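First up is the structure itself, then whatever we jot down about it.
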Amino acid sequence: MSTATVPSTLTVALIGNPNTGKSTLFSHLAGVRQRVGNYPGVTVEKKVGQVQFGQQRFELIDLPGTYSLAPRSLDEMVAVDVLLGRQADVGATQAVLCIVDASNIERNLYLVSQVLEMGLPTVVALNMIDIAEGRGIKIDVATLATRLGVPVIAVQANKGRGLLELKNALLTAAQSPVNVRENPFPQAFQQEVAQLERLLSTNQLPASTADGQTEQAARDAALRFLAERLLLDSGGYLETSELFRHLPELKTTLATARQRLKAAGLPVPAVEAMVRYDWVGRIVDGIVTKPRQREVTSSDRLDRVLTHKWLGTLIFALMMLLVFTSIFAIAKPPMDWIDGGIKALGKWTGQRLAEGPLKSLVVDGIFGGVGSVLVFLPQIVILFFFIAILEDCGYMARAAYLMDRLMSRVGLSGKSFIPLLSSFACAIPGIMATRVIENRRDRLTTILVAPLMSCAAKLSVYMLLIDTFIPATVLGGCLPLQGLVLFAMYGLGIIVAAAVAMLLKRTLLRGATPPFVMELPSYKWPSAALVLHRMVERGWAFIQRAGTVIFAVSVLVWAAGYYPHHSAEVEAPFALRKEALEIRQIELQRISPDDHEQLDTVAKELETLEKQIDGAYLQQSYLGRAGHFIEPAVKPLGWDWRIGAAAIASFPAREVVIGTLGVIYNLGDVKDETEPLKDKLRDATWDGTDRKVYNIPVALSIMVFFSLCAQCAGTLAVIRRETNSWRWPAFTFAYMTVLAYFAAMATYHLGMLFV
Amino acid sequence: MTVLSSLQIGQTAKVVTIAGEDEISVRLMEMGLTPGVTVTILGAAPLGDPLELEVRGYRLSVRRVEAARIEVQTG
């Protein structure tokens, strides 16, 4: 597209199997000059970097790691489209850089064989030769290049070695004509492909965006590739494409062609793997030598321990405990700093502003909003610190391996475990971590149930209510009731999540079980640069794409709690007392300025009065009115309007419920559960009566509601970002709110039977 | 002839065919489990499933139901 027409920029696509050091190579080549985003309309991550090499500028496109170019997932479809020059948003690919893991060369060459068929200038980067040598594998690189017909450059991506040669080779390859490459398929198969090609070309398909002098060659290669894929991939991604609508006869044409091939002993789809691995066998024959007996490496020994039945499970549990407690505990101080720092900054700014809506907007709305975005950062950065290490060192796949049986009971795979575990600290990084799940339906299911896990913010709500209303008795001499209730809340989330996951996988997200088939890569030391890069990248992505939504919701909720702010009306009942106190204060300061006791008493009374006025303002605000408005709806849960208003106010973040209750009960904006708030809650009565609002069933009803509801703008914003549609956050909010509402109602009514 | 999932841990066998034409079969073959290739069962996860295999010099994890599609010949 636009970049392709600039002659000084060469568009290079970087492709390779997962776990080959592809990201490391990309980072080394592109440095900090890279942009991360999504391909338009899909959630596949697009990474583009700029590389300057002498006079030549490269635009390097990092394609998703893939084992094959048979497009069976969205990731693979995007990879194919970029290579074919059909992907909008990036330039037509002018050269391909294919990274190959030398220690695993046979399986890596499978992808190379597919890439070579695309007819593009190609360079192979042979990575991890050191690891291969450690295993006694020897590779004759020069002969390998001759046999492949493309340059093969030995690199050490983690050390940045061989990059200069690589850029040189890319430049030369892009300027030279592409050699005719051997087609590994038997004659009968090639004939079928040729026939299909004619059918497609007479119908003027496909449209390629390739231009320049290589236009015709590129178009031919793209057409042949497409024809071949159509023939090979029954049930693949291409069958959902436009093509089948344009060419209604295509389906039967393909079916009969496959019949003929089967009769000729070339069954589709098996023929592709057999033919390509045969080709791989011929390529490596005599030039890749392995020891007869595979040498037991330190990675193998480590694997024996880490996947051991008991020891492996124990180490896994300890490791998860470390990750989990870190998100909880290590994140806490920086979260408090951010919270305190932003509040202080807001206060400092507020002191320079006159009383009024502007001050409140700046201090509570804007600074509050920024705070509610930034406060998530420590958890996100810490979780991705661990995930990057676990992924880069090769343990992530083992974690999925160890947990797969457990997760498969609810229809998911082991890959869902870490995202769900992380959601116990905070659903936001948890949902962001679901990118490790390749299968779209599994990933979506995981995203949709992740907010059911009891996160740190829900914990603060549980703690307040349990401390206030659940008696600290010990059942049967060993079971503390309070702990039991807390455990029940966590258990409720897990059980409901399991049930919802099972239900979703049987209804909305039904489909064939995806293959679990997963590589268990060799262990290696994680790269510090890559880990750091991932942390920064994830944190920034969150601020950029979820931050605005969270901020907007915070400001909206601030406005609802502030306006209409009729000061005359609200302050009138307090005016006389306030004036009297203020006069008394002035008198005291004049008559007996040393009587601190009296002065303090007056100051305290004034403060209490101010808090009462704040409470009155909130009651008069739109938020307070909304609380009153929904009171009939929340009454069946045992709630009064105050709880309703607090639940609405907690939308930007769940823990806000405590602060809002504090304001409603005239205590000001309390942070954690405090004794005065507990007392107020215990004493609260229904308006105009002396009937207590709270009892154990009401407290349980609130807890159950918060355990299951999606009252979290951040979570919904991240779901929106990760699914690229408002449909899924809307669905999450709807199903969770309905679930929470009825579960809370049932809890209340059941509980009332025992009171 | 038997299927891979019924082998013992530590056993080695040669792949004969892969049953099925769906995504799972294709993925198994793409990962290098093609007729004639040697495969060893290295272990099983703590809950008995999935299995850890060695094929073409690398480690692969497959579920038992997936391994049951792989017909193998021992000895």
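In the structure tokens, the first chain shown is A, the next is B, and so on; residue numbers restart at 1 for each chain, and ligands run from 1 in the order shown.
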Note to self: At a cut-off of 6 Å, which residues of chain B touch chain A? Count only C-alpha atoms and give the answer as a list in words.
What the structure shows: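 Residues passing the distance filter: Ile24, Met29, Glu30, Ala45, Pro46, Asp49, Arg59, Leu60, Ser61 and Val62 of chain B.
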Give the helix (DSSP H, G or I) residues of stretch 144-220 of chain A, as DSSP finds them on the backbone, and put them as a compact mmCIF listing (two decimals) with C-alpha atoms, in the first residue's frame.
```txt
# COMPACT_ATOMS: atom_id res chain seq x y z
CA LEU A 144 21.59 -26.36 3.40
CA ALA A 145 21.44 -23.00 1.59
CA THR A 146 22.25 -24.62 -1.74
CA ARG A 147 19.58 -27.26 -1.30
CA LEU A 148 16.95 -24.77 -0.17
CA ALA A 157 19.12 -13.85 18.24
CA ASN A 158 19.56 -13.62 22.02
CA LYS A 159 23.08 -12.19 21.60
CA LEU A 163 22.21 -9.40 12.21
CA LEU A 164 24.47 -7.54 9.77
CA GLU A 165 24.78 -10.57 7.50
CA LEU A 166 21.03 -11.03 7.77
CA LYS A 167 20.25 -7.49 6.60
CA ASN A 168 22.76 -7.83 3.78
CA ALA A 169 21.22 -11.09 2.66
CA LEU A 170 17.71 -9.59 2.76
CA LEU A 171 18.80 -6.65 0.65
CA THR A 172 20.49 -8.85 -1.93
CA ALA A 173 17.60 -11.32 -2.01
CA ALA A 174 15.03 -8.57 -2.52
CA GLN A 175 16.98 -7.21 -5.50
CA GLN A 187 2.50 -34.66 -10.63
CA ALA A 188 -1.13 -35.74 -10.12
CA PHE A 189 -1.54 -33.26 -7.32
CA GLN A 190 0.08 -30.42 -9.26
CA GLN A 191 -2.33 -31.04 -12.13
CA GLU A 192 -5.32 -30.67 -9.83
CA VAL A 193 -3.86 -27.43 -8.50
CA ALA A 194 -3.29 -26.13 -12.04
CA GLN A 195 -6.90 -26.88 -12.96
CA LEU A 196 -8.16 -25.07 -9.91
CA GLU A 197 -5.86 -22.15 -10.70
CA ARG A 198 -7.47 -21.81 -14.12
CA LEU A 199 -10.92 -21.82 -12.56
CA LEU A 200 -9.93 -19.08 -10.13
CA SER A 201 -8.10 -16.92 -12.67
CA THR A 202 -10.92 -17.00 -15.25
CA GLU A 215 3.33 -7.98 -10.17
CA GLN A 216 2.63 -10.85 -12.55
CA ALA A 217 4.97 -13.33 -10.86
CA ALA A 218 3.63 -12.47 -7.43
CA ARG A 219 0.06 -12.79 -8.63
CA ASP A 220 0.77 -16.18 -10.19
```
Note to self: Please list as a PyMOL selection string every residue within 8 Å of stretch 338-352 of chain A, counting only C-alpha atoms and excluding residues in the same chain fewer than 3 positions away.
What the structure shows: chain A and resi 334-335+359-360+362-364+367-368+370-371+374-375
Selection export as a compact mmCIF listing (two decimals), in the first residue's frame, atoms kept: N, CA and C atoms:
```
# COMPACT_ATOMS: atom_id res chain seq x y z
N PRO A 334 3.11 -0.01 45.52
CA PRO A 334 3.03 0.95 44.40
C PRO A 334 1.60 1.42 44.13
N MET A 335 0.63 0.54 44.37
CA MET A 335 -0.76 0.96 44.16
C MET A 335 -1.13 2.05 45.17
N LYS A 359 -13.42 22.89 40.90
CA LYS A 359 -12.50 22.26 41.84
C LYS A 359 -12.86 20.79 42.04
N SER A 360 -14.15 20.54 42.22
CA SER A 360 -14.57 19.16 42.44
C SER A 360 -14.27 18.31 41.21
N VAL A 362 -11.88 18.78 39.00
CA VAL A 362 -10.44 18.54 38.89
C VAL A 362 -9.98 17.54 39.94
N VAL A 363 -10.37 17.78 41.20
CA VAL A 363 -9.85 16.95 42.29
C VAL A 363 -10.46 15.55 42.26
N ASP A 364 -11.79 15.49 42.25
CA ASP A 364 -12.45 14.18 42.36
C ASP A 364 -12.68 13.52 41.00
N PHE A 367 -8.53 13.96 38.60
CA PHE A 367 -7.46 13.24 39.30
C PHE A 367 -7.95 11.87 39.77
N GLY A 368 -9.19 11.83 40.24
CA GLY A 368 -9.77 10.55 40.64
C GLY A 368 -9.80 9.57 39.47
N VAL A 370 -7.90 9.63 36.65
CA VAL A 370 -6.54 9.22 36.29
C VAL A 370 -6.05 8.18 37.29
N GLY A 371 -6.34 8.43 38.56
CA GLY A 371 -5.93 7.48 39.59
C GLY A 371 -6.54 6.11 39.38
N LEU A 374 -4.49 4.44 36.55
CA LEU A 374 -3.10 4.11 36.85
C LEU A 374 -2.96 3.08 37.96
N VAL A 375 -3.97 3.01 38.83
CA VAL A 375 -3.86 2.13 39.98
C VAL A 375 -3.79 0.65 39.53
```
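The two atoms in question, atom CA of A:Ser299 and atom CA of B:Gly10, are spaced 18.0 Å apart.
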Margin query: Please identify the strand (DSSP E or B) residues within stretch 15-155 of chain A (assignment by DSSP from backbone atoms) and present them as an MDAnalysis selection string.
Written below: chainID A and resid 15:16 34:38 45:53 56:62 95:101 122:127 138:139 152:154
Next item on the list: For each of B:Ala13, B:Leu47, B:Leu4, B:Val39, take the minimum atom-to-atom distance to B:Gln73, counting only C-alpha atoms, then give the residue where this is smallest.
Entry: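 Residue with the minimum atom-to-atom distance to B:Gln73: B:Ala13.
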Checklist line | Surrounding residues of B:Ser6 excluding itself and chain neighbours under 6 positions, 12 Å, only C-alpha atoms, as a PyMOL selection string | finding: chain B and resi 12-13+41+51+64-74
Next, the residues of the selection above should be written as a short mmCIF file (atom, residue, chain, number, x, y, z; two decimals), in the first residue's frame with N, CA and C atoms.
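Written output follows (out_11.cif):
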```
data_model
loop_
_atom_site.label_atom_id
_atom_site.label_comp_id
_atom_site.auth_asym_id
_atom_site.auth_seq_id
_atom_site.Cartn_x
_atom_site.Cartn_y
_atom_site.Cartn_z
N THR B 12 8.82 -46.99 22.73
CA THR B 12 9.06 -46.33 21.45
C THR B 12 8.32 -47.10 20.36
N ALA B 13 7.78 -46.37 19.38
CA ALA B 13 7.05 -47.04 18.30
C ALA B 13 7.18 -46.24 17.02
N ILE B 41 7.17 -42.32 24.14
CA ILE B 41 6.36 -41.72 25.21
C ILE B 41 7.28 -41.44 26.38
N LEU B 51 -0.09 -36.57 27.51
CA LEU B 51 1.17 -37.31 27.43
C LEU B 51 2.28 -36.41 26.91
N ARG B 64 -4.59 -37.79 25.55
CA ARG B 64 -4.76 -39.21 25.27
C ARG B 64 -5.73 -39.47 24.12
N VAL B 65 -6.81 -38.66 24.09
CA VAL B 65 -7.78 -38.87 23.00
C VAL B 65 -7.15 -38.57 21.64
N GLU B 66 -6.19 -37.64 21.64
CA GLU B 66 -5.50 -37.34 20.39
C GLU B 66 -4.52 -38.45 20.04
N ALA B 67 -3.83 -38.94 21.08
CA ALA B 67 -2.87 -40.02 20.86
C ALA B 67 -3.57 -41.29 20.39
N ALA B 68 -4.85 -41.43 20.74
CA ALA B 68 -5.60 -42.62 20.34
C ALA B 68 -5.85 -42.65 18.83
N ARG B 69 -5.64 -41.53 18.16
CA ARG B 69 -5.81 -41.50 16.70
C ARG B 69 -4.57 -41.98 15.96
N ILE B 70 -3.48 -42.08 16.71
CA ILE B 70 -2.21 -42.41 16.06
C ILE B 70 -1.99 -43.91 16.14
N GLU B 71 -2.07 -44.57 15.00
CA GLU B 71 -1.79 -46.00 14.96
C GLU B 71 -0.30 -46.20 14.86
N VAL B 72 0.22 -47.09 15.70
CA VAL B 72 1.67 -47.28 15.73
C VAL B 72 2.03 -48.76 15.67
N GLN B 73 3.29 -49.01 15.36
CA GLN B 73 3.80 -50.37 15.34
C GLN B 73 5.00 -50.41 16.28
N THR B 74 4.98 -51.34 17.22
CA THR B 74 6.10 -51.42 18.16
C THR B 74 7.07 -52.48 17.69
#
```
Notebook entry, point to check: Using only C-alpha atoms, which of A:Ile550, A:Leu361, A:Ile543, A:Ala699 sits nearest A:Tyr462?
Noted result: A:Ala699
